Every structure is written in structure tokens, then in C-alpha cells.
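Taking it in order: structure first as C-alpha cells, then the write-up.
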Amino acid sequence: MSEQSTAYATAEALRSDLGKTPRGLIIDGKSVQAQSGKTFATVNPATGQEICQVAEGGVADVDLAVKAARKALVDPSWRDMSAVDRSKLLNRLADLIERDAAELAVLECMDNGKPATLTQAVEIEGSIKTFRYYAGWPTKFGGETLPVSPRSGAKILNYTVREPVGVCGLIVPWNYPMSMAAWKVAPALAAGCTVILKPAEQTPLTALRLAELALEAGIPAGVFNVITGFGEAGAALVDHPGVDKVAFTGSTAVGKAIVRGSTVNLKKVSLELGGKSPQIVLPDADLDAAAASVAAGIFFNQGQTCTAGSRLYAHASIHDDLLARVADHAARLTIGNGLDPSVNFGPLVSQEQWDQVSGYVEIGKNEGAEILIGGGRPKAHGEGFFFEPTIMANAGRDMLIVREEIFGPVLSALSWSDPEDLVAQANDSDFGLSAGIWTNDLKQAHRLAGAVKAGTVWINCFNLVDNATPFGGFKQSGWGREHGRQAMELYTEIKSIWVNLS
């Protein structure tokens with residue numbers, strides 16, 4: 001059977017199985033329907049057709065999940081588990097994801113729309129790496145003994161310990177459902193927390209499957225709960241006094257609402273929010289490499305990426321040449337249903353997202369930008385939420401397409417000639433998540449990297465991430481850092497202990 005036939009056969013089997021009964025919430029180790037009895041449809045973006053019905057969790061369900069998570073937090077089977085045993089559980093979960101990688105990739109493709117081959121290579125493999133990486137931290141993350149100088153010369157032993165922050169509400173977006181869940185669940189469990197995962201309503205299926213695999217791995221009931229549903233469920237998590245921390249990835253507007261809601265008990269908050277990342281190309285850059293990276297930086301995952309390089313600043317001397325090369329890359333993308341292994345550009349996640357992207361393109365045209373390529377629905381794809389890779393040339397720094405996050409495959413191209421004005425333009429944004437710089441001049445590269453206000457700067461590359469290095473943004477792109485030791489710090493409290501030895 002061909003790779004394409006296998007993917008379609010897997011999808012058909014999953015659809016048949018999923019359609020039998022509504023997918024339930026995962027609370028205290030069991031799959032249960034919502035207290036209200038409500039369900040909602042999750043839809044395949046490539047076809048616009050329903051995959052299955054999913055339980056619509058609400059306030060009452062969140063309360064049950066919080067009670068289960070609080071009970072599990074103090075249960076000796078989890079609270080007193082050794083660091084080595086916690087590591088074993090996380091590695092076992094990684095093994096199970098690896099075992100089911102092909103099926104999970106197809107499930108994500110059906111629910112999100114991105115090509116299954118890319119999903120397996122990026123999302124599923126990335127999730128496996130995340131759980132393996134954080135499986136190593138329980139045996140290495142702790143406190144320290146500190147030299148102190150107390151009054152009256154008393155002999156004091158002072159040391160610190162790390163304790164789990166408690167019950168964590170983890171709210172993740174639809175653009176990378178599996179990997180965004182892993183980014184939060186893995187360090188939270190490694191730190192000894194219990195979690196309630198709230199996936200986006202557009203893409204709930206892999207979150208539910210991940211919780212089932214966690215139970216199969218031996219993670220105790222109540223430690224990992226999943227509430228599917230809409231904004232009501234997310235708001236209930238934020239407002240609940242039994243939740244000690246909220247970690248959120250999504251829009252800046254929702255992030256601000258979460259901060260306001262968290263004041264009910266001053267819960268800890270970490271936020272990975274929007275971006276409007278500049279790609280800066282200097283005149284000495286390798287234009288072939290830069291063009292390929294600029295195209296990948298905006299068109300990968302159909303532009304539905306927080307770090308998408310959506311603002312191109314090309315030096316005036318190479319602007320037209322570079323833009324032609326980027327357009328050539330865009331024209332060669334294969335658009336279609338992601339179950340086809342030849343496809344590398346799928347649909348947007350929903351009709352709502354299609355309307356948003358289309359609206360921004362119309363605004364850009366009215367503001368005077370020129371569509372170089374794309375700009376609408378591909379003629380060969382009448383069904384599904386497909387939007388062409390789009391380049392808008394002659395963009396101005398005050399246009400909405402340059403200032404606001406579109407979250408779709410739309411590149412706004414600007415030219416520059418003054419290096420100082422370039423930095424000012426690159427930093428003239430409410431966001432500061434990431435930036436890309438293309439040059440063979442090492443001095444210029446370091447100067448620009450230091451001047452650009454962004455949490456991650458890529459030089460002669462773009463969109464590389466690794467669990468070992470911190471990820472997060474400046475300004476309105478968020479609070480805190482994911483990955484690395486920094487993520488473990490987000491899910492722990494530090495306690496200072498003083499012992500009088502005099």
C-alpha cells in the first residue's frame with residue numbers, strides 16, 4: 001500500500017471509530033461526557049466535513065477537573081513519587097507517542113489541516129523530544145545551599161527547595177495542538193504538578209489522545225485532565241480559585257483577559273502570545289538561501305505560526321530580486337489535503353480564520369499594497385478552507401498588514417536603505433517574539449541581533465526551536481519563557497529554609 005493510501009485508510013478508520021460516540025472529557029482518569037450533555041463538532045479543514053462530536057465542557061466540568069487535580073496533587077502516589085520514577089513515566093509516555101506516531105499525525109492532519117508528513121516530522125517527533133527532554137529534569141532540578149551572614153553571628157544552615165506550583169490550567173492553541181500541549185504538560189509533570197489541559201475547540205482530538213496515553217503510561221488518575229470546549233471553559237479555568245497557575249499560548253487580546261482574570265487568587269501566569277516577526281535581509285546576503293527561508297518562514301503551517309516571518313525588510317538594492325525568488329518558492333508549493341504525502345501546503349484551520357486572512361488582504365489592497373502572488377482561494381480547491389500563499393509588495397510601515405498579526409500565509413514586503421531607520425522599523429511593533437537576519441557580515445549580524453527587540457533572533461536561519469533553549473517574547477508577545485530550565489522554573493515555587501545550628 002502506498003504512503004498516500006495508508007494515510008487515507010488510517011483517516012477513514014479513525015473517522016469510523018471516532019464517529020461512534022461523542023469524545024468525552026478526561027477527568028480523574030475517566031472519559032466522561034459534559035455535565036450539560038452538550039457536544040460540538042470538530043471539522044476537517046481540508047473538506048469542511050465533521051470528523052466527530054466532542055463533549056462541550058463548561059464551568060461545572062472545570063470544577064470537577066480541578067477537584068480531581070487537587071486530590072491527585074496530594075496523593076502519595078504522585079506527591080511522594082521519586083524523581084527517578086517520575087522520569088520513567090515521562091519516558092514511557094514518550095515511548096507511547098512514538099509507538100502511535102503515524103496515527104497521531106493523521107489525527108492531527110484531519111483536525112488541523114496541516115500535511116500529515118510535516119505533522120509527524122514536526123509536531124509528533126517534537127512532542128516525543130519534549131517529553132524525553134523533560135524526563136531528564138526531575139533528577140537534576142532542585143535547590144541549593146547558600147552562604148548567609150545572619151545577625152549576631154548565629155551559625156545557620158540555609159538551603160532552598162523547589163516545590164510544584166500546584167494545579168496548572170494549560171490553555172493551548174489550534175496551530176500546533178500536540179506540540180503546544182507537550183511544551184506545557186511535560187515540564188509541569190516533571191515538576192510534580194497536576195494539570196488540566198484545555199485545547200482549542202477547533203483541534204481537541206490529539207489532546208484527548210495524549211491524556212489517554214498518559215494513563216496507559218501509568219501516570220495516576222487526576223494528574224492529567226482534559227477539558228474540551230469553548231471560551232467558557234477556558235475562562236472558568238482562569239477564574240477558578242483552585243487553579244494555582246495558568247499557562248497560555250494564543251492571542252495577545254486573550255492573554256490580557258487571562259491576566260485580568262488571574263487576580264481572583266493572584267495565580268501565577270505565563271503567556272506566549274502574538275508576533276509580527278521581521279525578516280531582515282542585507283545586501284550581501286546569500287539571496288537563494290534567504291529567499292528559501294523567507295518563504296518557509298511565512299508559508300510553513302500556512303502562516304499560522306506565532307513566529308511567522310510576516311514582515312520582510314529587504315535592502316533596496318536586492319529587494320526586487322529577492323521578492324521574485326520568494327514568489328517562485330510560493331508558486332511551487334503543492335496545495336491540497338494533507339493526507340496526500342505530496343502536499344506541503346494545507347488549508348487554514350477554519351472558515352473564521354479564512355475570513356480573517358481574506359479581510360486583511362482586502363485592507364492591504366485598499367491601503368495601497370500590491371498583490372504580487374496569491375490573495376485568495378486557489379481555483380482548484382473549492383472545498384475546505386484553503387488560502388493561497390500571498391505576497392503583498394509596496395507595503396508601508398503604517399499599514400495594518402504590517403502592524404497587526406494576520407496569522408495566515410501573507411507576507412508584507414518593505415524595502416530599506418538606512419540601517420538606523422531599519423532598526424527603528426523592525427522595532428516599531430507591539431510585538432517582540434522573534435526576528436530573522438540574513439547577512440554574511442558577522443559584525444552587522446551581531447549589531448542587529450543586539451538592537452532588535454525580540455526574544456529569539458535567528459541569523460542566516462529561521463524558525464529553529466529546541467527544548468534546551470528558552471523561547472518567549474518581549475513586549476506584548478508574552479510573559480516568561482518556555483523550554484529549558486526556565487520552563488521548570490515556571491512550574492515550581494522556591495522555598496528558603498533556615499536552620500539554627502548554634
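Every chain in the C-alpha cells takes a letter, A first, then B, and so on in the order presented; its residues are numbered from 1, and the ligands are numbered from 1 following the presented order.
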>> Please list as a list in words every residue within 8 Å of Ile27 (chain A), counting only C-alpha atoms and excluding residues in the same chain fewer than 3 positions away.
In response: Lys30, Ser31, Val32, Leu64, Ala65, Ala68, Gly222, Phe224, Asn225, Val226 and Ile227 of chain A
Deliver the residues from the most recent selection as a file, using N, CA, C and O atoms, as a PDB file, in the first residue's frame.
```pdb
ATOM      1  N   LYS A  30     -10.916   9.148  33.788  1.00  0.00           N
ATOM      2  CA  LYS A  30     -12.042   8.545  33.078  1.00  0.00           C
ATOM      3  C   LYS A  30     -12.498   9.474  31.951  1.00  0.00           C
ATOM      4  O   LYS A  30     -12.381  10.692  32.044  1.00  0.00           O
ATOM      5  N   SER A  31     -13.047   8.860  30.899  1.00  0.00           N
ATOM      6  CA  SER A  31     -13.675   9.616  29.827  1.00  0.00           C
ATOM      7  C   SER A  31     -15.138   9.815  30.188  1.00  0.00           C
ATOM      8  O   SER A  31     -15.879   8.841  30.360  1.00  0.00           O
ATOM      9  N   VAL A  32     -15.543  11.074  30.331  1.00  0.00           N
ATOM     10  CA  VAL A  32     -16.907  11.380  30.770  1.00  0.00           C
ATOM     11  C   VAL A  32     -17.503  12.450  29.862  1.00  0.00           C
ATOM     12  O   VAL A  32     -16.796  13.283  29.303  1.00  0.00           O
ATOM     13  N   LEU A  64     -15.087  20.002  38.470  1.00  0.00           N
ATOM     14  CA  LEU A  64     -14.800  18.586  38.738  1.00  0.00           C
ATOM     15  C   LEU A  64     -13.336  18.258  38.440  1.00  0.00           C
ATOM     16  O   LEU A  64     -12.683  17.518  39.187  1.00  0.00           O
ATOM     17  N   ALA A  65     -12.823  18.803  37.337  1.00  0.00           N
ATOM     18  CA  ALA A  65     -11.432  18.543  36.971  1.00  0.00           C
ATOM     19  C   ALA A  65     -10.471  19.150  37.987  1.00  0.00           C
ATOM     20  O   ALA A  65      -9.444  18.542  38.329  1.00  0.00           O
ATOM     21  N   ALA A  68     -10.402  16.966  41.026  1.00  0.00           N
ATOM     22  CA  ALA A  68      -9.612  15.755  40.771  1.00  0.00           C
ATOM     23  C   ALA A  68      -8.120  16.070  40.792  1.00  0.00           C
ATOM     24  O   ALA A  68      -7.309  15.303  41.348  1.00  0.00           O
ATOM     25  N   GLY A 222      -6.204  11.677  37.635  1.00  0.00           N
ATOM     26  CA  GLY A 222      -6.339  13.012  38.208  1.00  0.00           C
ATOM     27  C   GLY A 222      -5.142  13.906  37.984  1.00  0.00           C
ATOM     28  O   GLY A 222      -5.247  15.123  38.160  1.00  0.00           O
ATOM     29  N   PHE A 224      -3.517  14.246  35.055  1.00  0.00           N
ATOM     30  CA  PHE A 224      -3.607  14.835  33.714  1.00  0.00           C
ATOM     31  C   PHE A 224      -5.066  14.766  33.270  1.00  0.00           C
ATOM     32  O   PHE A 224      -5.576  13.709  32.927  1.00  0.00           O
ATOM     33  N   ASN A 225      -5.740  15.916  33.296  1.00  0.00           N
ATOM     34  CA  ASN A 225      -7.142  16.020  32.915  1.00  0.00           C
ATOM     35  C   ASN A 225      -7.268  16.881  31.658  1.00  0.00           C
ATOM     36  O   ASN A 225      -6.427  17.748  31.412  1.00  0.00           O
ATOM     37  N   VAL A 226      -8.310  16.636  30.873  1.00  0.00           N
ATOM     38  CA  VAL A 226      -8.539  17.426  29.660  1.00  0.00           C
ATOM     39  C   VAL A 226      -9.990  17.895  29.634  1.00  0.00           C
ATOM     40  O   VAL A 226     -10.912  17.087  29.770  1.00  0.00           O
ATOM     41  N   ILE A 227     -10.164  19.197  29.445  1.00  0.00           N
ATOM     42  CA  ILE A 227     -11.487  19.776  29.263  1.00  0.00           C
ATOM     43  C   ILE A 227     -11.570  20.352  27.857  1.00  0.00           C
ATOM     44  O   ILE A 227     -10.839  21.290  27.511  1.00  0.00           O
TER      45      ILE A 227
END
```
Within 12 Å of region 157-180 of chain A: each region 289-381 of chain A residue with its shortest pair, only C-alpha atoms, as a Markdown table:
```
| residue | atom | partner | partner_atom | distance |
| --- | --- | --- | --- | --- |
| A:Phe300 | CA | A:Asn175 | CA | 11.1 |
| A:Asn301 | CA | A:Asn175 | CA | 7.8 |
| A:Gln302 | CA | A:Asn175 | CA | 9.6 |
| A:Gly303 | CA | A:Asn175 | CA | 9.5 |
| A:Gln304 | CA | A:Asn175 | CA | 5.9 |
| A:Thr305 | CA | A:Asn175 | CA | 6.7 |
| A:Cys306 | CA | A:Asn175 | CA | 8.8 |
| A:Thr307 | CA | A:Asn175 | CA | 11.6 |
| A:Ala308 | CA | A:Asn175 | CA | 11.7 |
| A:Pro347 | CA | A:Asn175 | CA | 11.5 |
| A:Leu348 | CA | A:Asn175 | CA | 9.3 |
| A:Val349 | CA | A:Trp174 | CA | 7.7 |
| A:Ser350 | CA | A:Trp174 | CA | 10.1 |
| A:Gln353 | CA | A:Trp174 | CA | 11.0 |
```
Expected file: the selected residues, C-alpha atoms, as a PDB file, in the first residue's frame:
```pdb
ATOM      1  CA  PHE A 300       5.058  26.939   6.757  1.00  0.00           C
ATOM      2  CA  ASN A 301       1.883  25.776   8.504  1.00  0.00           C
ATOM      3  CA  GLN A 302       0.019  28.150   6.155  1.00  0.00           C
ATOM      4  CA  GLY A 303       1.422  31.108   8.083  1.00  0.00           C
ATOM      5  CA  GLN A 304      -0.430  30.022  11.223  1.00  0.00           C
ATOM      6  CA  THR A 305       2.662  30.344  13.388  1.00  0.00           C
ATOM      7  CA  CYS A 306       3.321  32.857  16.146  1.00  0.00           C
ATOM      8  CA  THR A 307       6.901  33.334  14.928  1.00  0.00           C
ATOM      9  CA  ALA A 308       5.916  33.643  11.259  1.00  0.00           C
ATOM     10  CA  PRO A 347      -5.871  24.699   4.451  1.00  0.00           C
ATOM     11  CA  LEU A 348      -6.388  27.284   7.150  1.00  0.00           C
ATOM     12  CA  VAL A 349      -7.927  25.839  10.281  1.00  0.00           C
ATOM     13  CA  SER A 350     -11.474  27.224   9.897  1.00  0.00           C
ATOM     14  CA  GLN A 353      -9.665  32.102  10.075  1.00  0.00           C
TER      15      GLN A 353
END
```
> Hey, what does DSSP flag as strand (DSSP E) within region 250-458 of chain A? Can you give it to me as an MDAnalysis selection string?
Replying inline: chainID A and resid 268:272 278:281 311:315 370:373 390:393 410:416 431:432 434:438 456:458
>> Residues near Asp441 (chain A), anyone? I mean within 12 Å using only C-alpha atoms, not counting same-chain ones fewer than 4 positions away, as a list in words.
In response: Val281, Leu282, Pro283, Asp284, Ala285, Asp286, Ile437, Ala445, His446, Arg447, Leu448, Ile459 and Asn460 of chain A
Emit the selected residues as a PDB file, in the first residue's frame, including N, CA, C and O atoms.
```pdb
ATOM      1  N   VAL A 281      16.908  41.378   5.477  1.00  0.00           N
ATOM      2  CA  VAL A 281      17.866  40.865   4.506  1.00  0.00           C
ATOM      3  C   VAL A 281      18.788  42.005   4.075  1.00  0.00           C
ATOM      4  O   VAL A 281      18.337  43.012   3.524  1.00  0.00           O
ATOM      5  N   LEU A 282      20.095  41.827   4.350  1.00  0.00           N
ATOM      6  CA  LEU A 282      21.109  42.819   3.988  1.00  0.00           C
ATOM      7  C   LEU A 282      21.598  42.569   2.560  1.00  0.00           C
ATOM      8  O   LEU A 282      21.460  41.446   2.044  1.00  0.00           O
ATOM      9  N   PRO A 283      22.196  43.581   1.932  1.00  0.00           N
ATOM     10  CA  PRO A 283      22.553  43.438   0.513  1.00  0.00           C
ATOM     11  C   PRO A 283      23.596  42.377   0.221  1.00  0.00           C
ATOM     12  O   PRO A 283      23.698  41.900  -0.915  1.00  0.00           O
ATOM     13  N   ASP A 284      24.383  41.959   1.235  1.00  0.00           N
ATOM     14  CA  ASP A 284      25.426  40.961   0.994  1.00  0.00           C
ATOM     15  C   ASP A 284      24.950  39.536   1.256  1.00  0.00           C
ATOM     16  O   ASP A 284      25.721  38.592   1.179  1.00  0.00           O
ATOM     17  N   ALA A 285      23.672  39.376   1.558  1.00  0.00           N
ATOM     18  CA  ALA A 285      23.164  38.054   1.940  1.00  0.00           C
ATOM     19  C   ALA A 285      23.156  37.094   0.754  1.00  0.00           C
ATOM     20  O   ALA A 285      23.111  37.497  -0.407  1.00  0.00           O
ATOM     21  N   ASP A 286      23.199  35.810   1.063  1.00  0.00           N
ATOM     22  CA  ASP A 286      23.001  34.758   0.066  1.00  0.00           C
ATOM     23  C   ASP A 286      21.508  34.767  -0.284  1.00  0.00           C
ATOM     24  O   ASP A 286      20.669  34.290   0.498  1.00  0.00           O
ATOM     25  N   ILE A 437      17.672  37.531  10.572  1.00  0.00           N
ATOM     26  CA  ILE A 437      18.661  38.424   9.964  1.00  0.00           C
ATOM     27  C   ILE A 437      19.466  37.617   8.954  1.00  0.00           C
ATOM     28  O   ILE A 437      19.975  36.532   9.277  1.00  0.00           O
ATOM     29  N   ALA A 445      25.651  41.374  11.745  1.00  0.00           N
ATOM     30  CA  ALA A 445      24.711  40.402  12.307  1.00  0.00           C
ATOM     31  C   ALA A 445      24.581  40.574  13.809  1.00  0.00           C
ATOM     32  O   ALA A 445      23.464  40.625  14.359  1.00  0.00           O
ATOM     33  N   HIS A 446      25.723  40.679  14.501  1.00  0.00           N
ATOM     34  CA  HIS A 446      25.683  40.838  15.954  1.00  0.00           C
ATOM     35  C   HIS A 446      25.098  42.179  16.357  1.00  0.00           C
ATOM     36  O   HIS A 446      24.377  42.291  17.358  1.00  0.00           O
ATOM     37  N   ARG A 447      25.413  43.227  15.588  1.00  0.00           N
ATOM     38  CA  ARG A 447      24.877  44.545  15.908  1.00  0.00           C
ATOM     39  C   ARG A 447      23.356  44.541  15.814  1.00  0.00           C
ATOM     40  O   ARG A 447      22.654  45.018  16.708  1.00  0.00           O
ATOM     41  N   LEU A 448      22.839  43.983  14.728  1.00  0.00           N
ATOM     42  CA  LEU A 448      21.397  43.941  14.557  1.00  0.00           C
ATOM     43  C   LEU A 448      20.726  43.036  15.583  1.00  0.00           C
ATOM     44  O   LEU A 448      19.656  43.356  16.104  1.00  0.00           O
ATOM     45  N   ILE A 459      19.994  34.083  12.917  1.00  0.00           N
ATOM     46  CA  ILE A 459      20.911  34.662  11.942  1.00  0.00           C
ATOM     47  C   ILE A 459      21.218  33.615  10.876  1.00  0.00           C
ATOM     48  O   ILE A 459      21.730  32.532  11.182  1.00  0.00           O
ATOM     49  N   ASN A 460      20.881  33.935   9.641  1.00  0.00           N
ATOM     50  CA  ASN A 460      21.056  33.022   8.500  1.00  0.00           C
ATOM     51  C   ASN A 460      20.350  31.682   8.709  1.00  0.00           C
ATOM     52  O   ASN A 460      20.831  30.627   8.286  1.00  0.00           O
TER      53      ASN A 460
END
```
> Looking at only C-alpha atoms, which of A:Gln202, A:Thr263, A:Ser82, A:Gln351 is the one that sits closest to Gly231 (chain A)?
Replying inline: A:Gln202
> How would you write, as an MDAnalysis selection string, the set of residues in region 450-499 of chain A that DSSP gives as alpha helix (DSSP H)?
Replying inline: chainID A and resid 450:451 484:490
>> List as a ChimeraX atom specification the protein and nucleic acid residues near Ala7 (chain A), meaning an atom at most 10 Å away when only C-alpha atoms are counted, but skip any in the same chain fewer than 3 places from it.
In response: /A:1-4,10-13,102-103,105-107,109,116-117,338-341
>> Nearest residue to Ala296 (chain A) out of A:Val84, A:Leu213, A:Leu411, A:Ile258, using only C-alpha atoms?
In response: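 Under the stated criterion, the closest residue is A:Leu411.
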Using only C-alpha atoms, find each residue in region 153-254 of chain A having at least one atom no more than 9 Å away from region 468-485 of chain A; report its shortest atom-to-atom pair and that distance in Å (one decimal), rows by chain then rising number, as CSV.
```
residue,atom,partner,partner_atom,distance
A:Trp183,CA,A:His483,CA,7.1
A:Lys184,CA,A:Glu482,CA,7.9
A:Pro187,CA,A:His483,CA,8.2
A:Thr249,CA,A:Gly478,CA,8.8
A:Ser251,CA,A:Ser477,CA,8.8
A:Thr252,CA,A:Gln476,CA,6.6
```
Saved selection, atoms kept: all heavy atoms, as a CSV table (one decimal), in the first residue's frame:
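What landed in result_25.csv:
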```csv
chain,number,residue,atom,x,y,z
A,183,TRP,N,4.7,21.1,25.2
A,183,TRP,CA,5.6,22.2,25.8
A,183,TRP,C,5.1,22.6,27.2
A,183,TRP,O,6.0,23.0,28.0
A,183,TRP,CB,5.5,23.4,24.9
A,183,TRP,CG,6.3,23.4,23.7
A,183,TRP,CD1,6.7,22.3,23.0
A,183,TRP,CD2,6.7,24.6,22.9
A,183,TRP,NE1,7.4,22.7,21.8
A,183,TRP,CE2,7.4,24.1,21.7
A,183,TRP,CE3,6.5,25.9,23.0
A,183,TRP,CZ2,7.9,24.9,20.8
A,183,TRP,CZ3,7.0,26.8,22.0
A,183,TRP,CH2,7.7,26.3,20.9
A,184,LYS,N,3.9,22.4,27.5
A,184,LYS,CA,3.4,22.8,28.8
A,184,LYS,C,3.2,21.6,29.8
A,184,LYS,O,3.6,21.6,30.9
A,184,LYS,CB,2.1,23.5,28.7
A,184,LYS,CG,2.2,24.9,28.0
A,184,LYS,CD,0.9,25.6,27.7
A,184,LYS,CE,1.1,27.0,27.2
A,184,LYS,NZ,2.0,27.2,26.1
A,187,PRO,N,6.9,19.9,31.2
A,187,PRO,CA,7.6,20.5,32.4
A,187,PRO,C,6.7,20.5,33.6
A,187,PRO,O,7.2,20.4,34.7
A,187,PRO,CB,8.0,21.9,31.9
A,187,PRO,CG,7.1,22.2,30.8
A,187,PRO,CD,6.8,20.8,30.1
A,249,THR,N,-1.0,29.9,25.5
A,249,THR,CA,-0.4,30.3,24.2
A,249,THR,C,-1.6,30.6,23.3
A,249,THR,O,-2.5,29.9,23.2
A,249,THR,CB,0.4,29.1,23.6
A,249,THR,OG1,1.5,28.8,24.4
A,249,THR,CG2,0.9,29.5,22.2
A,251,SER,N,-3.6,34.4,21.4
A,251,SER,CA,-3.6,35.8,21.0
A,251,SER,C,-3.3,36.7,22.2
A,251,SER,O,-3.6,36.4,23.4
A,251,SER,CB,-4.9,36.2,20.4
A,251,SER,OG,-5.9,36.3,21.4
A,252,THR,N,-2.7,37.9,21.9
A,252,THR,CA,-2.4,38.9,22.9
A,252,THR,C,-3.7,39.4,23.6
A,252,THR,O,-3.7,39.6,24.8
A,252,THR,CB,-1.7,40.1,22.3
A,252,THR,OG1,-0.4,39.6,21.8
A,252,THR,CG2,-1.4,41.2,23.3
```
Hey, which bits of region 402-452 of chain A sit within 10 Å of region 358-382 of chain A, and for each residue what's the closest pair of atoms and how far apart in Å (one decimal), counting only C-alpha atoms, rows by chain and increasing number, as a Markdown table?
```
| residue | atom | partner | partner_atom | distance |
| --- | --- | --- | --- | --- |
| A:Val402 | CA | A:Gly364 | CA | 8.9 |
| A:Glu404 | CA | A:Tyr360 | CA | 9.1 |
| A:Glu405 | CA | A:Tyr360 | CA | 9.5 |
| A:Ile406 | CA | A:Tyr360 | CA | 6.8 |
| A:Phe407 | CA | A:Tyr360 | CA | 10.0 |
| A:Gly408 | CA | A:Ser358 | CA | 9.1 |
| A:Pro409 | CA | A:Gly375 | CA | 9.3 |
| A:Val410 | CA | A:Val361 | CA | 7.8 |
| A:Leu411 | CA | A:Ile371 | CA | 9.9 |
| A:Ser412 | CA | A:Ala369 | CA | 8.5 |
| A:Ala413 | CA | A:Ala369 | CA | 9.1 |
```
> What's the 10 Å shell around Val74 (chain A), counting only C-alpha atoms, without same-chain residues fewer than 6 positions away, as a ChimeraX atom specification?
Replying inline: /A:80,166,193-194
Any chance you could export the current selection's C-alpha atoms as a PDB file, in the first residue's frame?
```
ATOM      1  CA  ASP A  80       5.889  11.264  47.004  1.00  0.00           C
ATOM      2  CA  GLY A 166       0.267  23.155  42.224  1.00  0.00           C
ATOM      3  CA  CYS A 193       2.276  19.484  39.276  1.00  0.00           C
ATOM      4  CA  THR A 194      -1.127  18.234  38.219  1.00  0.00           C
TER       5      THR A 194
END
```
